[in-house]
Structures are given as C-alpha cells and as structure tokens.
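S.K.: To start, I am sharing the structure in question, which I have written as structure tokens.
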Amino acid sequence: LSDRLVDALGNLRSKGKLTAADIDSTVREIRRALLEADVALPVVKAFVAHVRERALGDEVNRALNPAQQVVQIVNDELIRILGGDQDRKLQFAKRPPTVIMLVGLQGAGKTTLAGKLAKWLANEQHTPMLVAADLQRPNAVTQLQIVGDQAGVPVFAPEPGNGVGDPVRVARESMRIAEAKHHDVVIIDTAGRLGVDEELMGQARRIKEATNPDEVLFVIDAMIGQDAVATARAFQEGVDFTGVVLTKLDGDARGGAALSVAQTTERPIMFASVGERLEDFEPFHPDRMAGRILNMGDVLSLIEEAQRAFDEEEARKSAEKLARNEYTLEDFLKQMQQIRKAGNFKKMLSLLPNVPKELKSEIDNFDDSALIRIEAIIQSMTPQERNNPKILNGSRRSRIARGSGTEVRDVNDLVKRFEMMAKMMRSAARGENPGMPGMPGM
Ligand code: GDP
Ligand code: MG
C-alpha cells in the first residue's frame, strides 16, 4: 500500500504544474529587466500578467528548474510578440511600381533609411527611385539627394526655385515618372516633427491617399523609450502603417521600444537600422531582440545546454527516487557525469544571471577536477556502499580513499556534502525550495 501511495505521489510531482511561488520570483526579475530595457510600463504590466497566466498552467519540465522554465516562457512570448520566427518580407505590388512610404518623427532616421532601403533593393536587382516629399526643412531635399548619390539611386524632387511646396503633388507626380522610367520600387521620404503634429499627420495621410502605397513603414528611434507607445499609437491612428523599422540599434538602447511598439500596434517589425552608413541595415530578428531586451546573461543558451545534457528518463527516475527518499550516491554519480557531459560546467554556471557574489567567487575557483575527484571516489565504492552510505565506516572509508587516490578527509567531505545535498534535493522535490541544487565539492 505504502509503495503505491509513494508511486502516486511521485507521479503527481513529475506531472505537476508550475506553482505561483515557482513563478513569482522569476516574474519579478523579468519585470525589472523589461523596465530597465525601457519597455513602456503598461506594456510591461500586460506582458508580465500574460506570462504569469501562461506559466501557471504549465507542466513542470523536469529538465529545467522553475526559474529557467519561466524564463523560457518569457523568451517564447517575447519572440512571438516581436514577430515569431518568420521574417516578414516586403510586399511587392503585382503591378509595379511598388510604393513604400516612410513616416515617423523628425530625426527618427527616415531619410537615412530611404537610402539604406534603396541600396539594399538595388542589390536585389530592383530599380528603385527615391522621392523627396519632405519639403518642410530647407535642407531635407539635399540630404535625400546626397543619400541617393551614395546609394547610386535617382531622386525625384521638385524643381528648385519654382515655388512648388506641395509634397502631395510631388508624390503623385513621382508615380507617373516611376512608370515612365521603369522604376519598379518607389520610396517616399516624408516630413516629421519633433512631436506628433496634426498638420503633418494630415499631410502624410494625403500622400498616402495619392500614392496608395503597398507598404507604409513607421520609422522609430530605439532610444525613444517610454514615449514609444504614444508615438506609435498616434501614427497608427493618424496614417496607419503596415510595418515598423527600428533605428539606432547600434546605440546602447536595450530595445524596449521594439516590444512596446509590437505589442501596442500589432504590426510587424521588419528592419533594423544599426548605424549611420547605408550598409548598417538588416532584416529584424525577433529572437536576437528578445535576448537583447532580457539581457539576463545568456540564459537561453544555458537552458539549451541543460536540456541537451539532461536525460529526461534519468531525471524522471531520480525524481521518483527523491520522492521515495532514495536518492543515492549512485544517482549522484550519474548526475556528476551528466554535468560533465554538458561540457564546460564552469561556463554554464557563469552564464546564470543574478548569481550572488559569494557563489560567483566559488564558481571562479571551481574547476572540473573537483568533479573528476568526486567521480573517482564514488567509483571506488561498492554498489552497496553507493546505495546506502550509512554503512561507510572507518575501514571502508580508508579503502575507498586508497582506491581513488584521495585522502580519507576527501571521502568524509564528499559523504557529508552528499548528505546535505540529498536533504536539499528532497525538500526541493517536495516543492519547498525550488532552485539550483547546491554543488558538492565546491
Ligand atoms: P529623419 O529626420 O527621420 O529623416 O532622420 P535622418 O535620416 O535625417 O536621421 C537623423 C540622424 O540620425 C542623422 O544624423 C542620421 O545619421 C542618424 N541616424 C539614422 N539612422 C541611424 C542609425 O541606425 N544609427 C545611428 N547611430 N544613427 C542613425
Ligand atoms: Mg528626413
């Protein structure tokens, strides 16, 4: 009867759900990381609530500790909101020219982006043309012409000095020119203000109506921080857009604006601008951005390594044994071997985020030879000794020390640490103390 009971309990545990306690401390860290990355507060709140809800129902993944598991859920969610694993490609018109219109605040990087896109498209065998529909600032047209020269792409602009100041007319006119000159893509640069502005928003709307663009790209500076939500919303309501380009990602912004904009507008982020030169431009990668936003050491590669190394079946067995109070030196040996199989254990430890200082110095002083010594000692024990360390009297201990080329002191030390560890793991298995088990031998 008691065996069946224990089995039932073991099953319950191995089929368990993440608990609120498992989740909350990690979620607090995530919230902090997101705020530090300058994700807008309402976005952080909604995101964290959603992650918590998703994590609460989740099956416990035996290969990960609960914190790692929550981080993995967070990462999955971030990637999903940032666009998933498919790159969103530019939509090309069935009948050229394809029209791409750029909108955004002044200084966001629209004109620079126009040159980058033009150059990139030209490399892909397109024949783009740039259109100067920013007639707000005196030097805006000249700036676009310089960029066009660098990209080797022609620029359509109003004749200087004939008093034409209507960007809507310029944009409409450019459609005709593009067709006549067989440009298959037209990139329209527009004006912006330092703040959202009704007059300019109306102008952008009229340019959009006049040219019926295939893509309207909202260009936003990654450094904008908390203002990202309001700005993105204003442009979505004012002109609406089909995609987002994040600029100045070469700076030290952690990229919270990406999450703010993606979550608020549900529009895909398509490109990243990563410098002032025309080559500093790339398709947007949600997974990289998720990592940048979290910035929690290289938590994810840590999770991957742990997953690879950890044999699920072994994990299940030792969990059951733990529930039955049967964790032995034999299991301990297997775990040591798995840890060594995982490769550079020290590197793995160093990747853990938020490691307390004391533990950090232990990690620095740690070397794999300690693991090897532990393995040697256990291997010098008989199966009975491994399964029941209580029988390890003085003469057995000195025999083991001789057999493993260590001192009795080392054997005593290992047994003591093993007992501590077994106790800790038993309470962890009962859900009392989730987290990384302590490392004996350290
Ligand atoms: P616009 O007002 O939206 O047309 O913005 P501009 O294209 O004129 O860019 C404003 C400033 O930001 C210029 O000095 C650009 O060189 C700079 N800039 C644009 N994109 C990037 C980028 O990705 N990284 C960096 N570091 N600077 C950029
Ligand atoms: Mg400009």
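Residues in the structure tokens are named by chain (A, B, ... in the order shown) and by number from 1 within that chain; ligands are numbered from 1 in the order shown.
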Mind dumping a table of every chain A residue within 7 Å of ligand 2, with the nearest atom pair and its distance in Å to one decimal, using only C-alpha atoms and all ligand atoms, sorted by chain and rising number, as JSON lines?
M.R.:
```
{"residue": "A:Gln106", "atom": "CA", "partner": "ligand 2", "partner_atom_place_in_ligand_line": "1 (Mg)", "distance": 6.5}
{"residue": "A:Gly107", "atom": "CA", "partner": "ligand 2", "partner_atom_place_in_ligand_line": "1 (Mg)", "distance": 6.7}
{"residue": "A:Gly109", "atom": "CA", "partner": "ligand 2", "partner_atom_place_in_ligand_line": "1 (Mg)", "distance": 6.6}
{"residue": "A:Lys110", "atom": "CA", "partner": "ligand 2", "partner_atom_place_in_ligand_line": "1 (Mg)", "distance": 5.3}
{"residue": "A:Thr111", "atom": "CA", "partner": "ligand 2", "partner_atom_place_in_ligand_line": "1 (Mg)", "distance": 4.1}
{"residue": "A:Asp134", "atom": "CA", "partner": "ligand 2", "partner_atom_place_in_ligand_line": "1 (Mg)", "distance": 6.7}
{"residue": "A:Ala140", "atom": "CA", "partner": "ligand 2", "partner_atom_place_in_ligand_line": "1 (Mg)", "distance": 5.8}
{"residue": "A:Asp189", "atom": "CA", "partner": "ligand 2", "partner_atom_place_in_ligand_line": "1 (Mg)", "distance": 6.8}
{"residue": "A:Thr190", "atom": "CA", "partner": "ligand 2", "partner_atom_place_in_ligand_line": "1 (Mg)", "distance": 6.8}
{"residue": "A:Ala191", "atom": "CA", "partner": "ligand 2", "partner_atom_place_in_ligand_line": "1 (Mg)", "distance": 6.2}
```
S.K.: Kindly compile the residues surrounding ligand 1 within 7 Å, counting only C-alpha atoms and all ligand atoms, and format them as a PyMOL selection string.
M.R.: chain A and resi 104-113+192+247-251+273-276+280
S.K.: Taking the DSSP assignment computed from this structure's backbone, write out as a list in words all residues of region 247-288 of chain A that belong to helix (DSSP H, G or I).
M.R.: Gly256, Ala257, Ala258, Leu259, Ser260, Val261, Ala262, Gln263, Thr264, Thr265, Pro286, Asp287 and Arg288 of chain A
S.K.: Would you mind listing what lies within 12 Å of Arg32 (chain A) as a list in words, with only C-alpha atoms counted and same-chain residues fewer than 5 positions away left out?
M.R.: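 Near neighbours after the sequence-gap exclusion: Ser25, Thr26, Val27, Ala37, Asp38, Val39, Ala40, Leu41, Val44, Lys45, Val48, Gly256, Ile293, Leu294, Asn295 and Met296 of chain A.
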S.K.: Write the residues of the selection above to a file with N, CA and C atoms, as a PDB file, in the first residue's frame.
M.R.:
```pdb
ATOM      1  N   SER A  25       8.902  34.837  -8.208  1.00  0.00           N
ATOM      2  CA  SER A  25      10.198  35.494  -8.026  1.00  0.00           C
ATOM      3  C   SER A  25      10.853  35.734  -9.381  1.00  0.00           C
ATOM      4  N   THR A  26      10.690  34.786 -10.291  1.00  0.00           N
ATOM      5  CA  THR A  26      11.277  34.972 -11.621  1.00  0.00           C
ATOM      6  C   THR A  26      10.572  36.099 -12.366  1.00  0.00           C
ATOM      7  N   VAL A  27       9.250  36.126 -12.244  1.00  0.00           N
ATOM      8  CA  VAL A  27       8.487  37.161 -12.931  1.00  0.00           C
ATOM      9  C   VAL A  27       8.905  38.552 -12.441  1.00  0.00           C
ATOM     10  N   ALA A  37      14.970  47.849 -19.739  1.00  0.00           N
ATOM     11  CA  ALA A  37      15.128  47.920 -21.192  1.00  0.00           C
ATOM     12  C   ALA A  37      14.231  49.010 -21.776  1.00  0.00           C
ATOM     13  N   ASP A  38      13.535  49.743 -20.883  1.00  0.00           N
ATOM     14  CA  ASP A  38      12.696  50.863 -21.307  1.00  0.00           C
ATOM     15  C   ASP A  38      11.452  50.427 -22.064  1.00  0.00           C
ATOM     16  N   VAL A  39      10.964  49.269 -21.749  1.00  0.00           N
ATOM     17  CA  VAL A  39       9.648  48.893 -22.273  1.00  0.00           C
ATOM     18  C   VAL A  39       8.629  49.744 -21.511  1.00  0.00           C
ATOM     19  N   ALA A  40       7.628  50.248 -22.229  1.00  0.00           N
ATOM     20  CA  ALA A  40       6.647  51.124 -21.593  1.00  0.00           C
ATOM     21  C   ALA A  40       5.891  50.375 -20.487  1.00  0.00           C
ATOM     22  N   LEU A  41       5.617  51.081 -19.405  1.00  0.00           N
ATOM     23  CA  LEU A  41       5.036  50.449 -18.218  1.00  0.00           C
ATOM     24  C   LEU A  41       3.749  49.662 -18.487  1.00  0.00           C
ATOM     25  N   VAL A  44       4.672  46.468 -20.070  1.00  0.00           N
ATOM     26  CA  VAL A  44       5.295  45.547 -19.110  1.00  0.00           C
ATOM     27  C   VAL A  44       4.221  44.846 -18.293  1.00  0.00           C
ATOM     28  N   LYS A  45       3.257  45.628 -17.801  1.00  0.00           N
ATOM     29  CA  LYS A  45       2.208  45.059 -16.953  1.00  0.00           C
ATOM     30  C   LYS A  45       1.424  43.988 -17.692  1.00  0.00           C
ATOM     31  N   VAL A  48       3.698  40.854 -18.431  1.00  0.00           N
ATOM     32  CA  VAL A  48       4.006  40.053 -17.251  1.00  0.00           C
ATOM     33  C   VAL A  48       2.771  39.273 -16.791  1.00  0.00           C
ATOM     34  N   GLY A 256      13.690  48.144 -25.704  1.00  0.00           N
ATOM     35  CA  GLY A 256      12.341  48.005 -25.167  1.00  0.00           C
ATOM     36  C   GLY A 256      11.282  48.579 -26.093  1.00  0.00           C
ATOM     37  N   ILE A 293      16.565  42.435 -25.115  1.00  0.00           N
ATOM     38  CA  ILE A 293      15.655  43.033 -24.143  1.00  0.00           C
ATOM     39  C   ILE A 293      15.834  42.373 -22.773  1.00  0.00           C
ATOM     40  N   LEU A 294      15.943  41.064 -22.760  1.00  0.00           N
ATOM     41  CA  LEU A 294      16.072  40.375 -21.477  1.00  0.00           C
ATOM     42  C   LEU A 294      17.434  40.599 -20.843  1.00  0.00           C
ATOM     43  N   ASN A 295      18.464  40.514 -21.670  1.00  0.00           N
ATOM     44  CA  ASN A 295      19.816  40.762 -21.179  1.00  0.00           C
ATOM     45  C   ASN A 295      20.122  40.058 -19.863  1.00  0.00           C
ATOM     46  N   MET A 296      19.708  38.814 -19.757  1.00  0.00           N
ATOM     47  CA  MET A 296      19.905  38.106 -18.489  1.00  0.00           C
ATOM     48  C   MET A 296      21.018  37.090 -18.621  1.00  0.00           C
TER      49      MET A 296
END
```
S.K.: Might you pull out every residue within 10 Å of Leu144 (chain A), with only C-alpha atoms counted and same-chain residues fewer than 3 positions away left off, and present them as an MDAnalysis selection string?
M.R.: chainID A and resid 110:112 114:115 130:134 139:141 147:150 154:157 189
S.K.: Using only C-alpha atoms, which residue out of A:Leu78, A:Ile224, A:Leu371, A:Leu392 lies closest to Val415 (chain A)?
M.R.: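 Once distances to Val415 (chain A) are computed over only C-alpha atoms, the minimum belongs to A:Leu392.
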S.K.: Which residue out of A:Gly243, A:Gly165, A:Gly195, A:Gly405 has the minimum interatomic distance to Ala262 (chain A) when only C-alpha atoms are used?
M.R.: A:Gly243
S.K.: Among region 151-302 of chain A, which residues carry a DSSP assignment of strand (DSSP E), reported as a PyMOL selection string?
M.R.: chain A and resi 155-156+185-190+215-221+243-247+269-273+281-283
S.K.: Would you mind exporting the chosen residues as a PDB file, in the first residue's frame, restricted to N, CA and C atoms?
M.R.:
```
ATOM      1  N   VAL A 155      16.893  60.358 -57.504  1.00  0.00           N
ATOM      2  CA  VAL A 155      15.970  61.006 -56.560  1.00  0.00           C
ATOM      3  C   VAL A 155      15.029  61.905 -57.339  1.00  0.00           C
ATOM      4  N   PHE A 156      13.762  61.751 -57.115  1.00  0.00           N
ATOM      5  CA  PHE A 156      12.792  62.650 -57.715  1.00  0.00           C
ATOM      6  C   PHE A 156      12.447  63.730 -56.694  1.00  0.00           C
ATOM      7  N   VAL A 185      10.347  50.118 -57.864  1.00  0.00           N
ATOM      8  CA  VAL A 185      10.033  50.465 -56.469  1.00  0.00           C
ATOM      9  C   VAL A 185      10.200  51.974 -56.277  1.00  0.00           C
ATOM     10  N   VAL A 186       9.252  52.568 -55.594  1.00  0.00           N
ATOM     11  CA  VAL A 186       9.332  53.992 -55.270  1.00  0.00           C
ATOM     12  C   VAL A 186       9.357  54.127 -53.751  1.00  0.00           C
ATOM     13  N   ILE A 187      10.371  54.828 -53.242  1.00  0.00           N
ATOM     14  CA  ILE A 187      10.466  55.024 -51.790  1.00  0.00           C
ATOM     15  C   ILE A 187      10.215  56.497 -51.481  1.00  0.00           C
ATOM     16  N   ILE A 188       9.159  56.770 -50.756  1.00  0.00           N
ATOM     17  CA  ILE A 188       8.770  58.155 -50.498  1.00  0.00           C
ATOM     18  C   ILE A 188       9.201  58.586 -49.103  1.00  0.00           C
ATOM     19  N   ASP A 189      10.102  59.555 -49.050  1.00  0.00           N
ATOM     20  CA  ASP A 189      10.557  60.125 -47.780  1.00  0.00           C
ATOM     21  C   ASP A 189       9.602  61.257 -47.402  1.00  0.00           C
ATOM     22  N   THR A 190       9.136  61.264 -46.180  1.00  0.00           N
ATOM     23  CA  THR A 190       8.198  62.324 -45.788  1.00  0.00           C
ATOM     24  C   THR A 190       8.747  63.124 -44.603  1.00  0.00           C
ATOM     25  N   GLU A 215       3.436  49.471 -48.907  1.00  0.00           N
ATOM     26  CA  GLU A 215       3.931  49.429 -47.530  1.00  0.00           C
ATOM     27  C   GLU A 215       4.036  50.854 -47.000  1.00  0.00           C
ATOM     28  N   VAL A 216       3.517  51.067 -45.808  1.00  0.00           N
ATOM     29  CA  VAL A 216       3.812  52.302 -45.080  1.00  0.00           C
ATOM     30  C   VAL A 216       4.650  51.880 -43.886  1.00  0.00           C
ATOM     31  N   LEU A 217       5.899  52.318 -43.850  1.00  0.00           N
ATOM     32  CA  LEU A 217       6.791  51.896 -42.767  1.00  0.00           C
ATOM     33  C   LEU A 217       6.919  53.009 -41.738  1.00  0.00           C
ATOM     34  N   PHE A 218       6.616  52.651 -40.514  1.00  0.00           N
ATOM     35  CA  PHE A 218       6.754  53.587 -39.390  1.00  0.00           C
ATOM     36  C   PHE A 218       8.174  53.445 -38.846  1.00  0.00           C
ATOM     37  N   VAL A 219       8.929  54.534 -38.936  1.00  0.00           N
ATOM     38  CA  VAL A 219      10.336  54.521 -38.536  1.00  0.00           C
ATOM     39  C   VAL A 219      10.442  55.086 -37.125  1.00  0.00           C
ATOM     40  N   ILE A 220      11.046  54.327 -36.231  1.00  0.00           N
ATOM     41  CA  ILE A 220      11.115  54.795 -34.838  1.00  0.00           C
ATOM     42  C   ILE A 220      12.491  54.534 -34.235  1.00  0.00           C
ATOM     43  N   ASP A 221      12.959  55.556 -33.548  1.00  0.00           N
ATOM     44  CA  ASP A 221      14.260  55.534 -32.890  1.00  0.00           C
ATOM     45  C   ASP A 221      14.182  54.627 -31.653  1.00  0.00           C
ATOM     46  N   GLY A 243       4.147  48.259 -41.386  1.00  0.00           N
ATOM     47  CA  GLY A 243       5.313  47.655 -40.756  1.00  0.00           C
ATOM     48  C   GLY A 243       6.121  48.706 -40.006  1.00  0.00           C
ATOM     49  N   VAL A 244       7.085  48.233 -39.231  1.00  0.00           N
ATOM     50  CA  VAL A 244       7.878  49.106 -38.374  1.00  0.00           C
ATOM     51  C   VAL A 244       9.358  48.911 -38.695  1.00  0.00           C
ATOM     52  N   VAL A 245      10.123  50.002 -38.655  1.00  0.00           N
ATOM     53  CA  VAL A 245      11.576  49.902 -38.733  1.00  0.00           C
ATOM     54  C   VAL A 245      12.147  50.545 -37.480  1.00  0.00           C
ATOM     55  N   LEU A 246      12.974  49.808 -36.779  1.00  0.00           N
ATOM     56  CA  LEU A 246      13.606  50.300 -35.564  1.00  0.00           C
ATOM     57  C   LEU A 246      14.990  50.824 -35.924  1.00  0.00           C
ATOM     58  N   THR A 247      15.298  52.059 -35.559  1.00  0.00           N
ATOM     59  CA  THR A 247      16.599  52.628 -35.922  1.00  0.00           C
ATOM     60  C   THR A 247      17.475  52.826 -34.695  1.00  0.00           C
ATOM     61  N   ILE A 269       7.697  44.231 -36.973  1.00  0.00           N
ATOM     62  CA  ILE A 269       8.933  44.995 -37.110  1.00  0.00           C
ATOM     63  C   ILE A 269       9.713  44.326 -38.232  1.00  0.00           C
ATOM     64  N   MET A 270      10.051  45.084 -39.250  1.00  0.00           N
ATOM     65  CA  MET A 270      10.606  44.456 -40.450  1.00  0.00           C
ATOM     66  C   MET A 270      12.106  44.625 -40.607  1.00  0.00           C
ATOM     67  N   PHE A 271      12.611  45.786 -40.231  1.00  0.00           N
ATOM     68  CA  PHE A 271      14.038  46.033 -40.410  1.00  0.00           C
ATOM     69  C   PHE A 271      14.620  46.695 -39.174  1.00  0.00           C
ATOM     70  N   ALA A 272      15.931  46.566 -39.068  1.00  0.00           N
ATOM     71  CA  ALA A 272      16.659  47.247 -38.011  1.00  0.00           C
ATOM     72  C   ALA A 272      17.748  48.093 -38.649  1.00  0.00           C
ATOM     73  N   SER A 273      17.850  49.310 -38.174  1.00  0.00           N
ATOM     74  CA  SER A 273      18.890  50.218 -38.639  1.00  0.00           C
ATOM     75  C   SER A 273      19.951  50.264 -37.555  1.00  0.00           C
ATOM     76  N   PHE A 281      22.236  48.094 -41.905  1.00  0.00           N
ATOM     77  CA  PHE A 281      20.810  47.859 -42.093  1.00  0.00           C
ATOM     78  C   PHE A 281      20.598  46.367 -42.247  1.00  0.00           C
ATOM     79  N   GLU A 282      19.593  45.820 -41.580  1.00  0.00           N
ATOM     80  CA  GLU A 282      19.375  44.374 -41.690  1.00  0.00           C
ATOM     81  C   GLU A 282      17.912  44.023 -41.424  1.00  0.00           C
ATOM     82  N   PRO A 283      17.471  42.872 -41.905  1.00  0.00           N
ATOM     83  CA  PRO A 283      16.140  42.404 -41.522  1.00  0.00           C
ATOM     84  C   PRO A 283      16.101  42.246 -40.004  1.00  0.00           C
TER      85      PRO A 283
END
```
S.K.: Return the single residue from A:Asp214, A:Glu29, A:Pro383, A:Arg169 that is closest to Arg95 (chain A), with distances computed using only C-alpha atoms.
M.R.: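 Using only C-alpha atoms, the shortest distance to Arg95 (chain A) belongs to A:Asp214.
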S.K.: Can you pull out the residues contacting Val196 (chain A)? Cut-off 10 Å, using only C-alpha atoms, and skip same-chain residues under 5 positions away; I want them as number ranges by chain.
M.R.: A: 104-106, 201, 230-232, 234-235, 238
